[in-house]
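Report on the following structure.
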Amino acid sequence: MSCTTLSLGGGSFKFCSIDRGSQIKNHLRFSNGFVRNGRCNLVCNSAISFSPLSFNSLPPQDFQFHHRSRFSSHVINCSTFNSEASISSNKANDERVIVLVIGGGGREHALCYALKRSPSCDAVFCAPGNAGISSSGDATCIPDLHIDDSAAVISFCRKWNVGLVVVGPEAPLVAGLANDLVKAGIPTFGPSSEAAALEGSKNFMKRLCDKYGIPTAKYQSFTDPSAAKQYIQEQGAPIVIKADGLAAGKGVIVATTLEEAYEAVDAMLVKGAFGSAGGCVVVEEYLEGEEASFFALVDGENAIPLESAQDHKRVGDGDTGPNTGGMGAYSPAPIITRELQRIVMESIILPTVKGMAEEGCRFVGVLFAGLMIEKKSGLPKLIEYNVRFGDPECQVLMVRLESDLAKVLLATCRGELTGVSLDWSPGSSMVVVMASKGYPGAYEKGTMIQNLEEAEVVAPSVKIFHAGTSSDSEGNFIAVGGRVLGVAAKGKNIEEARDRAYQAVEEIRWSGGFYRKDIGWRALEKQFSLQE
């Protein structure tokens, strides 16, 4: 392939000639742009605009590209252009794909970052995306695509020759987006709504565990508050109260007293704190031990484990305060040894895959098992399933992944995981989440964030992922979410990754934010104990 590059408007155009057998294909790229169907139809981003830019072409032999932003306007004249679709080969070895990532948080930014680095990926779209994803050049954001409208998503995929859709958040999966895309013939990484019940209903997950002998905490499910309180009184505290449905990561209460447990039951079943998600509650025994996150890719019949990762759920240092969506994470997790990985695959993941198939809802996508490694036995028990990549665990995994993510996810969609192996960078990675003050409670929106570019180069191997950012009228980043940034770094060990991540965090100027200062403390304790 020979390419000529033109710098323009904060980005660069690339004219490429690709020799594939007997066909010579000339196509043009800008960031994540591409050419299709005899016309130049591009959507792209530049460093000076946070919304997609449009390019229109004249006849193939003589055409213009108009690049417009609120700051400038440019015209490029081109000639001798043959715009065959850049994806034309069905051969596994040279197949290239255009990917659409659904979602707009830190997890989706990490997926876009890894997909952009995939040799088999021609372009990455993200809907709706966010300002940080857009400005980073890791994907072309499509903020106006309504991801809850399956017909609109299908239409977009057909228009832009999207060959793989990766669904990030759980809500579209539970709503059936993957069902509709697969029915339309669009390869989709993510389970059907029936299979997504593993996360969408904790009661469903628990019943599956009972039926197929998957180790989990003892439990009972209730819709009647009096019956739930009676069971809680019999079991004693501490005890765990969970809303059955999706509650944005806030539907789990670890009650240390009976009074706290009763209040949690009333909040969910009487006051409707989580709406329909709390119409049924799962009351579960409290397990003592260390939590760990375990991820496996599943193609319906086969499963392969990803590298280990561990997050910090509590908002405060020392793992204190209320639960959050996650305040930081690191990989690998020392607690997940190779032997424990084998046990988890054999006793939890593979029985789940088999059980789901037997229940008539084959699972395709990523299984994210929240585990408790029991203190008394050292063995894993399943706390919960998520049917998507964890956030912020996805960030520490994607910065370490060296395999072609697009190719691996396509193999998953096609039921072809047998024989697939994944390559990971050596050493460790860490991500520190920066959140708006007040999170996970009420927080202020619109506070300005500065110095991000400087932070990303203050130390080697730093990458900043955007979760809850937007831009103001002057192009400044502002916070619009609870968890706003994920500052990730790699290092030769967990200590170096930690030092680099916090060095970058301290470079960021954001008066409206806060972060934990002890991410990775368990892994660091283990590392230091091994050195003694």
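Each chain of the structure tokens is named A, B, ... in the order shown, its residues numbered from 1; ligands are numbered from 1 in display order.
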When you look at range 279-283 of chain A with a cut-off of 12 Å (counting only C-alpha atoms), what residues show up, excluding the ones that are within fewer than 3 positions of it in the same chain? I need them as a PDB file with N, CA and C atoms, in the first residue's frame.
```pdb
ATOM      1  N   SER A 201     -31.811  -9.314  35.034  1.00  0.00           N
ATOM      2  CA  SER A 201     -32.591  -9.851  36.152  1.00  0.00           C
ATOM      3  C   SER A 201     -31.695 -10.697  37.043  1.00  0.00           C
ATOM      4  N   LYS A 202     -31.427 -10.210  38.246  1.00  0.00           N
ATOM      5  CA  LYS A 202     -30.599 -10.974  39.184  1.00  0.00           C
ATOM      6  C   LYS A 202     -31.298 -12.257  39.601  1.00  0.00           C
ATOM      7  N   ASN A 203     -32.617 -12.219  39.635  1.00  0.00           N
ATOM      8  CA  ASN A 203     -33.373 -13.430  39.969  1.00  0.00           C
ATOM      9  C   ASN A 203     -33.182 -14.497  38.897  1.00  0.00           C
ATOM     10  N   PHE A 204     -33.185 -14.095  37.617  1.00  0.00           N
ATOM     11  CA  PHE A 204     -32.933 -15.039  36.522  1.00  0.00           C
ATOM     12  C   PHE A 204     -31.552 -15.665  36.670  1.00  0.00           C
ATOM     13  N   MET A 205     -30.560 -14.831  36.949  1.00  0.00           N
ATOM     14  CA  MET A 205     -29.191 -15.329  37.105  1.00  0.00           C
ATOM     15  C   MET A 205     -29.095 -16.323  38.253  1.00  0.00           C
ATOM     16  N   LYS A 206     -29.730 -16.006  39.361  1.00  0.00           N
ATOM     17  CA  LYS A 206     -29.680 -16.893  40.528  1.00  0.00           C
ATOM     18  C   LYS A 206     -30.355 -18.231  40.240  1.00  0.00           C
ATOM     19  N   ARG A 207     -31.479 -18.183  39.551  1.00  0.00           N
ATOM     20  CA  ARG A 207     -32.175 -19.439  39.222  1.00  0.00           C
ATOM     21  C   ARG A 207     -31.346 -20.294  38.272  1.00  0.00           C
ATOM     22  N   ALA A 217     -23.820 -17.143  46.183  1.00  0.00           N
ATOM     23  CA  ALA A 217     -24.267 -16.923  47.554  1.00  0.00           C
ATOM     24  C   ALA A 217     -25.702 -17.419  47.730  1.00  0.00           C
ATOM     25  N   LYS A 218     -26.007 -17.888  48.926  1.00  0.00           N
ATOM     26  CA  LYS A 218     -27.374 -18.305  49.269  1.00  0.00           C
ATOM     27  C   LYS A 218     -28.301 -17.101  49.170  1.00  0.00           C
ATOM     28  N   TYR A 219     -29.536 -17.309  48.726  1.00  0.00           N
ATOM     29  CA  TYR A 219     -30.423 -16.169  48.484  1.00  0.00           C
ATOM     30  C   TYR A 219     -31.889 -16.569  48.544  1.00  0.00           C
ATOM     31  N   GLN A 220     -32.727 -15.549  48.559  1.00  0.00           N
ATOM     32  CA  GLN A 220     -34.163 -15.685  48.307  1.00  0.00           C
ATOM     33  C   GLN A 220     -34.623 -14.422  47.593  1.00  0.00           C
ATOM     34  N   SER A 221     -35.652 -14.550  46.748  1.00  0.00           N
ATOM     35  CA  SER A 221     -36.218 -13.404  46.031  1.00  0.00           C
ATOM     36  C   SER A 221     -37.594 -13.067  46.600  1.00  0.00           C
ATOM     37  N   PHE A 222     -37.913 -11.749  46.631  1.00  0.00           N
ATOM     38  CA  PHE A 222     -39.162 -11.306  47.240  1.00  0.00           C
ATOM     39  C   PHE A 222     -39.775 -10.143  46.467  1.00  0.00           C
ATOM     40  N   THR A 223     -41.107 -10.130  46.452  1.00  0.00           N
ATOM     41  CA  THR A 223     -41.850  -8.958  46.008  1.00  0.00           C
ATOM     42  C   THR A 223     -42.650  -8.362  47.158  1.00  0.00           C
ATOM     43  N   ASP A 224     -42.771  -9.111  48.248  1.00  0.00           N
ATOM     44  CA  ASP A 224     -43.510  -8.673  49.432  1.00  0.00           C
ATOM     45  C   ASP A 224     -42.514  -8.185  50.489  1.00  0.00           C
ATOM     46  N   PRO A 225     -42.591  -6.914  50.908  1.00  0.00           N
ATOM     47  CA  PRO A 225     -41.610  -6.390  51.858  1.00  0.00           C
ATOM     48  C   PRO A 225     -41.635  -7.091  53.218  1.00  0.00           C
ATOM     49  N   ALA A 227     -42.376 -10.240  53.868  1.00  0.00           N
ATOM     50  CA  ALA A 227     -41.703 -11.539  53.746  1.00  0.00           C
ATOM     51  C   ALA A 227     -40.187 -11.357  53.648  1.00  0.00           C
ATOM     52  N   ALA A 228     -39.770 -10.325  52.942  1.00  0.00           N
ATOM     53  CA  ALA A 228     -38.334 -10.057  52.813  1.00  0.00           C
ATOM     54  C   ALA A 228     -37.730  -9.732  54.172  1.00  0.00           C
ATOM     55  N   LYS A 229     -38.434  -8.906  54.964  1.00  0.00           N
ATOM     56  CA  LYS A 229     -37.919  -8.532  56.287  1.00  0.00           C
ATOM     57  C   LYS A 229     -37.878  -9.731  57.228  1.00  0.00           C
ATOM     58  N   GLN A 230     -38.860 -10.602  57.118  1.00  0.00           N
ATOM     59  CA  GLN A 230     -38.862 -11.803  57.947  1.00  0.00           C
ATOM     60  C   GLN A 230     -37.640 -12.668  57.636  1.00  0.00           C
ATOM     61  N   TYR A 231     -37.331 -12.832  56.365  1.00  0.00           N
ATOM     62  CA  TYR A 231     -36.160 -13.623  55.954  1.00  0.00           C
ATOM     63  C   TYR A 231     -34.872 -12.952  56.446  1.00  0.00           C
ATOM     64  N   ILE A 232     -34.800 -11.637  56.331  1.00  0.00           N
ATOM     65  CA  ILE A 232     -33.621 -10.902  56.788  1.00  0.00           C
ATOM     66  C   ILE A 232     -33.416 -11.105  58.286  1.00  0.00           C
ATOM     67  N   GLN A 233     -34.511 -11.056  59.058  1.00  0.00           N
ATOM     68  CA  GLN A 233     -34.417 -11.259  60.502  1.00  0.00           C
ATOM     69  C   GLN A 233     -33.893 -12.655  60.827  1.00  0.00           C
ATOM     70  N   GLU A 234     -34.318 -13.634  60.047  1.00  0.00           N
ATOM     71  CA  GLU A 234     -33.865 -15.011  60.269  1.00  0.00           C
ATOM     72  C   GLU A 234     -32.384 -15.166  59.937  1.00  0.00           C
ATOM     73  N   GLN A 235     -31.910 -14.470  58.898  1.00  0.00           N
ATOM     74  CA  GLN A 235     -30.534 -14.627  58.444  1.00  0.00           C
ATOM     75  C   GLN A 235     -29.556 -13.771  59.238  1.00  0.00           C
ATOM     76  N   GLY A 236     -30.007 -12.597  59.683  1.00  0.00           N
ATOM     77  CA  GLY A 236     -29.129 -11.692  60.414  1.00  0.00           C
ATOM     78  C   GLY A 236     -28.286 -10.828  59.494  1.00  0.00           C
ATOM     79  N   ALA A 237     -27.559  -9.892  60.094  1.00  0.00           N
ATOM     80  CA  ALA A 237     -26.694  -8.971  59.344  1.00  0.00           C
ATOM     81  C   ALA A 237     -25.232  -9.308  59.651  1.00  0.00           C
ATOM     82  N   PRO A 238     -24.310  -8.931  58.733  1.00  0.00           N
ATOM     83  CA  PRO A 238     -24.534  -8.193  57.475  1.00  0.00           C
ATOM     84  C   PRO A 238     -25.238  -9.061  56.434  1.00  0.00           C
ATOM     85  N   ILE A 239     -25.928  -8.390  55.530  1.00  0.00           N
ATOM     86  CA  ILE A 239     -26.672  -9.075  54.480  1.00  0.00           C
ATOM     87  C   ILE A 239     -26.778  -8.134  53.279  1.00  0.00           C
ATOM     88  N   VAL A 240     -27.007  -8.687  52.106  1.00  0.00           N
ATOM     89  CA  VAL A 240     -26.990  -7.899  50.871  1.00  0.00           C
ATOM     90  C   VAL A 240     -28.388  -7.844  50.267  1.00  0.00           C
ATOM     91  N   ILE A 241     -28.840  -6.636  49.920  1.00  0.00           N
ATOM     92  CA  ILE A 241     -30.145  -6.420  49.285  1.00  0.00           C
ATOM     93  C   ILE A 241     -29.902  -5.908  47.869  1.00  0.00           C
ATOM     94  N   LYS A 242     -30.492  -6.578  46.874  1.00  0.00           N
ATOM     95  CA  LYS A 242     -30.277  -6.196  45.480  1.00  0.00           C
ATOM     96  C   LYS A 242     -31.602  -5.977  44.765  1.00  0.00           C
ATOM     97  N   ALA A 243     -31.694  -4.865  44.029  1.00  0.00           N
ATOM     98  CA  ALA A 243     -32.816  -4.692  43.108  1.00  0.00           C
ATOM     99  C   ALA A 243     -32.662  -5.699  41.974  1.00  0.00           C
ATOM    100  N   ASP A 244     -33.767  -6.321  41.581  1.00  0.00           N
ATOM    101  CA  ASP A 244     -33.690  -7.379  40.568  1.00  0.00           C
ATOM    102  C   ASP A 244     -33.221  -6.860  39.218  1.00  0.00           C
ATOM    103  N   GLY A 245     -33.684  -5.681  38.822  1.00  0.00           N
ATOM    104  CA  GLY A 245     -33.404  -5.180  37.475  1.00  0.00           C
ATOM    105  C   GLY A 245     -32.225  -4.221  37.415  1.00  0.00           C
ATOM    106  N   LEU A 246     -32.080  -3.558  36.265  1.00  0.00           N
ATOM    107  CA  LEU A 246     -30.977  -2.622  36.040  1.00  0.00           C
ATOM    108  C   LEU A 246     -31.206  -1.337  36.818  1.00  0.00           C
ATOM    109  N   ALA A 247     -30.184  -0.951  37.588  1.00  0.00           N
ATOM    110  CA  ALA A 247     -30.313   0.244  38.423  1.00  0.00           C
ATOM    111  C   ALA A 247     -29.061   1.112  38.328  1.00  0.00           C
ATOM    112  N   GLY A 251     -28.070  -0.386  42.555  1.00  0.00           N
ATOM    113  CA  GLY A 251     -29.147  -1.178  43.137  1.00  0.00           C
ATOM    114  C   GLY A 251     -28.700  -2.259  44.095  1.00  0.00           C
ATOM    115  N   VAL A 252     -27.489  -2.142  44.644  1.00  0.00           N
ATOM    116  CA  VAL A 252     -26.981  -3.135  45.595  1.00  0.00           C
ATOM    117  C   VAL A 252     -26.652  -2.439  46.907  1.00  0.00           C
ATOM    118  N   ILE A 253     -27.245  -2.906  47.987  1.00  0.00           N
ATOM    119  CA  ILE A 253     -27.006  -2.345  49.318  1.00  0.00           C
ATOM    120  C   ILE A 253     -26.409  -3.433  50.200  1.00  0.00           C
ATOM    121  N   VAL A 254     -25.199  -3.180  50.710  1.00  0.00           N
ATOM    122  CA  VAL A 254     -24.585  -4.078  51.684  1.00  0.00           C
ATOM    123  C   VAL A 254     -24.950  -3.533  53.061  1.00  0.00           C
ATOM    124  N   ALA A 255     -25.925  -4.174  53.692  1.00  0.00           N
ATOM    125  CA  ALA A 255     -26.451  -3.695  54.977  1.00  0.00           C
ATOM    126  C   ALA A 255     -25.673  -4.322  56.128  1.00  0.00           C
ATOM    127  N   ALA A 261     -30.936  -2.967  56.420  1.00  0.00           N
ATOM    128  CA  ALA A 261     -31.534  -3.920  55.481  1.00  0.00           C
ATOM    129  C   ALA A 261     -33.020  -3.652  55.300  1.00  0.00           C
ATOM    130  N   TYR A 262     -33.715  -3.373  56.410  1.00  0.00           N
ATOM    131  CA  TYR A 262     -35.145  -3.068  56.318  1.00  0.00           C
ATOM    132  C   TYR A 262     -35.370  -1.795  55.501  1.00  0.00           C
ATOM    133  N   ALA A 264     -33.489  -0.637  53.150  1.00  0.00           N
ATOM    134  CA  ALA A 264     -33.233  -0.926  51.735  1.00  0.00           C
ATOM    135  C   ALA A 264     -34.435  -1.600  51.093  1.00  0.00           C
ATOM    136  N   VAL A 265     -35.049  -2.537  51.823  1.00  0.00           N
ATOM    137  CA  VAL A 265     -36.242  -3.217  51.309  1.00  0.00           C
ATOM    138  C   VAL A 265     -37.365  -2.212  51.083  1.00  0.00           C
ATOM    139  N   ASP A 266     -37.591  -1.337  52.065  1.00  0.00           N
ATOM    140  CA  ASP A 266     -38.652  -0.337  51.924  1.00  0.00           C
ATOM    141  C   ASP A 266     -38.372   0.613  50.754  1.00  0.00           C
ATOM    142  N   ALA A 267     -37.114   1.003  50.597  1.00  0.00           N
ATOM    143  CA  ALA A 267     -36.754   1.923  49.510  1.00  0.00           C
ATOM    144  C   ALA A 267     -37.085   1.305  48.160  1.00  0.00           C
ATOM    145  N   MET A 268     -36.830   0.014  48.021  1.00  0.00           N
ATOM    146  CA  MET A 268     -37.033  -0.636  46.721  1.00  0.00           C
ATOM    147  C   MET A 268     -38.482  -1.069  46.509  1.00  0.00           C
ATOM    148  N   LEU A 269     -39.070  -1.766  47.495  1.00  0.00           N
ATOM    149  CA  LEU A 269     -40.387  -2.375  47.296  1.00  0.00           C
ATOM    150  C   LEU A 269     -41.545  -1.459  47.666  1.00  0.00           C
ATOM    151  N   VAL A 270     -41.322  -0.501  48.570  1.00  0.00           N
ATOM    152  CA  VAL A 270     -42.413   0.370  49.020  1.00  0.00           C
ATOM    153  C   VAL A 270     -42.325   1.742  48.353  1.00  0.00           C
ATOM    154  N   LYS A 271     -41.149   2.368  48.415  1.00  0.00           N
ATOM    155  CA  LYS A 271     -41.000   3.725  47.895  1.00  0.00           C
ATOM    156  C   LYS A 271     -40.657   3.766  46.410  1.00  0.00           C
ATOM    157  N   GLY A 272     -40.296   2.608  45.833  1.00  0.00           N
ATOM    158  CA  GLY A 272     -40.001   2.556  44.394  1.00  0.00           C
ATOM    159  C   GLY A 272     -38.779   3.341  43.991  1.00  0.00           C
ATOM    160  N   ALA A 273     -37.716   3.294  44.819  1.00  0.00           N
ATOM    161  CA  ALA A 273     -36.516   4.089  44.558  1.00  0.00           C
ATOM    162  C   ALA A 273     -35.883   3.765  43.214  1.00  0.00           C
ATOM    163  N   PHE A 274     -36.032   2.531  42.729  1.00  0.00           N
ATOM    164  CA  PHE A 274     -35.439   2.136  41.451  1.00  0.00           C
ATOM    165  C   PHE A 274     -36.503   1.790  40.413  1.00  0.00           C
ATOM    166  N   GLY A 275     -37.722   2.277  40.639  1.00  0.00           N
ATOM    167  CA  GLY A 275     -38.791   2.016  39.679  1.00  0.00           C
ATOM    168  C   GLY A 275     -39.060   0.539  39.518  1.00  0.00           C
ATOM    169  N   SER A 276     -39.339   0.134  38.280  1.00  0.00           N
ATOM    170  CA  SER A 276     -39.658  -1.276  38.023  1.00  0.00           C
ATOM    171  C   SER A 276     -38.473  -2.187  38.309  1.00  0.00           C
ATOM    172  N   TYR A 286     -24.118 -12.437  52.901  1.00  0.00           N
ATOM    173  CA  TYR A 286     -22.906 -11.628  52.787  1.00  0.00           C
ATOM    174  C   TYR A 286     -21.702 -12.558  52.737  1.00  0.00           C
ATOM    175  N   ILE A 383     -20.977 -13.522  42.224  1.00  0.00           N
ATOM    176  CA  ILE A 383     -21.814 -12.486  42.841  1.00  0.00           C
ATOM    177  C   ILE A 383     -22.856 -11.994  41.849  1.00  0.00           C
ATOM    178  N   GLU A 384     -22.417 -11.705  40.633  1.00  0.00           N
ATOM    179  CA  GLU A 384     -23.324 -11.184  39.610  1.00  0.00           C
ATOM    180  C   GLU A 384     -22.715 -11.375  38.242  1.00  0.00           C
TER     181      GLU A 384
END
```
### Message
Excluding Leu181 in chain A and its own-chain neighbours fewer than 3 positions away, which residues fall within 12 Å of it when counting only C-alpha atoms? Please give them as an NGL selection string.
### Response
:A and (100 or 147 or 149-158 or 162-167 or 172-173 or 176-178 or 184-193 or 413)
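Of all the residues in range 245-285 of chain A, the ones DSSP labels as strand (DSSP E) from the backbone are Val252, Ile253, Val254, Ala255, Val281, Val282, Val283, Glu284 and Glu285 of chain A.
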### Task
Within 10 Å of Cys209 in chain A, counting only C-alpha atoms, which residues show up once you throw out same-chain ones fewer than 6 positions away? Write them as a list in words, please.
Asn203, Pro215, Thr216, Ala217, Ile348, Pro351, Thr352, Gly355 and Leu382 of chain A
Sorted by chain and rising residue number, list the residues of range 345-431 of chain A at most 10 Å from range 510-530 of chain A (counting only C-alpha atoms), each with its closest atom pair and distance in Å to one decimal, as JSON lines.
```
{"residue": "A:Ser429", "atom": "CA", "partner": "A:Gly520", "partner_atom": "CA", "distance": 10.0}
{"residue": "A:Met430", "atom": "CA", "partner": "A:Gly520", "partner_atom": "CA", "distance": 7.6}
{"residue": "A:Val431", "atom": "CA", "partner": "A:Ile519", "partner_atom": "CA", "distance": 8.1}
```
### Query
Neighbours of range 416-422 of chain A within 12 Å (only C-alpha atoms; same-chain residues fewer than 2 positions away dropped), as a ChimeraX atom specification?
/A:92,296-307,364-365,397-398,400-405,407-414,424-425
Lys116 in chain A surroundings by only C-alpha atoms, 8 Å radius, close-in-sequence under 5 positions cut, as a CSV table (one decimal) with C-alpha atoms, in the first residue's frame:
```csv
chain,number,residue,atom,x,y,z
A,121,CYS,CA,-10.5,-2.2,11.1
A,123,ALA,CA,-13.0,2.8,10.4
A,124,VAL,CA,-14.6,3.3,13.8
A,138,ASP,CA,-10.2,7.4,18.2
A,139,ALA,CA,-13.6,7.3,16.5
```
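The protein and nucleic acid residues lying at most 8 Å from Ala196 in chain A are Glu170, Leu173, Val174 and Val387 of chain A, with only C-alpha atoms considered and sequence neighbours fewer than 6 positions away removed.
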Okay, now the selection with N, CA and C atoms, as a short mmCIF file (atom, residue, chain, number, x, y, z; two decimals), in the first residue's frame?
```cif
data_model
loop_
_atom_site.label_atom_id
_atom_site.label_comp_id
_atom_site.auth_asym_id
_atom_site.auth_seq_id
_atom_site.Cartn_x
_atom_site.Cartn_y
_atom_site.Cartn_z
N GLU A 170 -25.38 -1.94 28.82
CA GLU A 170 -26.31 -3.05 28.99
C GLU A 170 -27.73 -2.71 28.56
N LEU A 173 -28.86 -3.69 25.08
CA LEU A 173 -28.88 -5.15 24.95
C LEU A 173 -30.15 -5.73 25.56
N VAL A 174 -30.48 -5.27 26.76
CA VAL A 174 -31.70 -5.75 27.42
C VAL A 174 -32.93 -5.36 26.60
N VAL A 387 -23.31 -8.34 31.17
CA VAL A 387 -23.29 -8.89 29.81
C VAL A 387 -22.56 -7.96 28.85
#
```
### Summary
The residue from A:Gln450, A:Ser118, A:Thr256, A:Gln341 with the smallest atom-to-atom distance to Ala292 in chain A, counting only C-alpha atoms, is A:Gln341
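Considering only C-alpha atoms, the residue among A:Gly468, A:Gly289, A:Pro332, A:Gly318 positioned nearest to Ser436 in chain A is A:Gly468.
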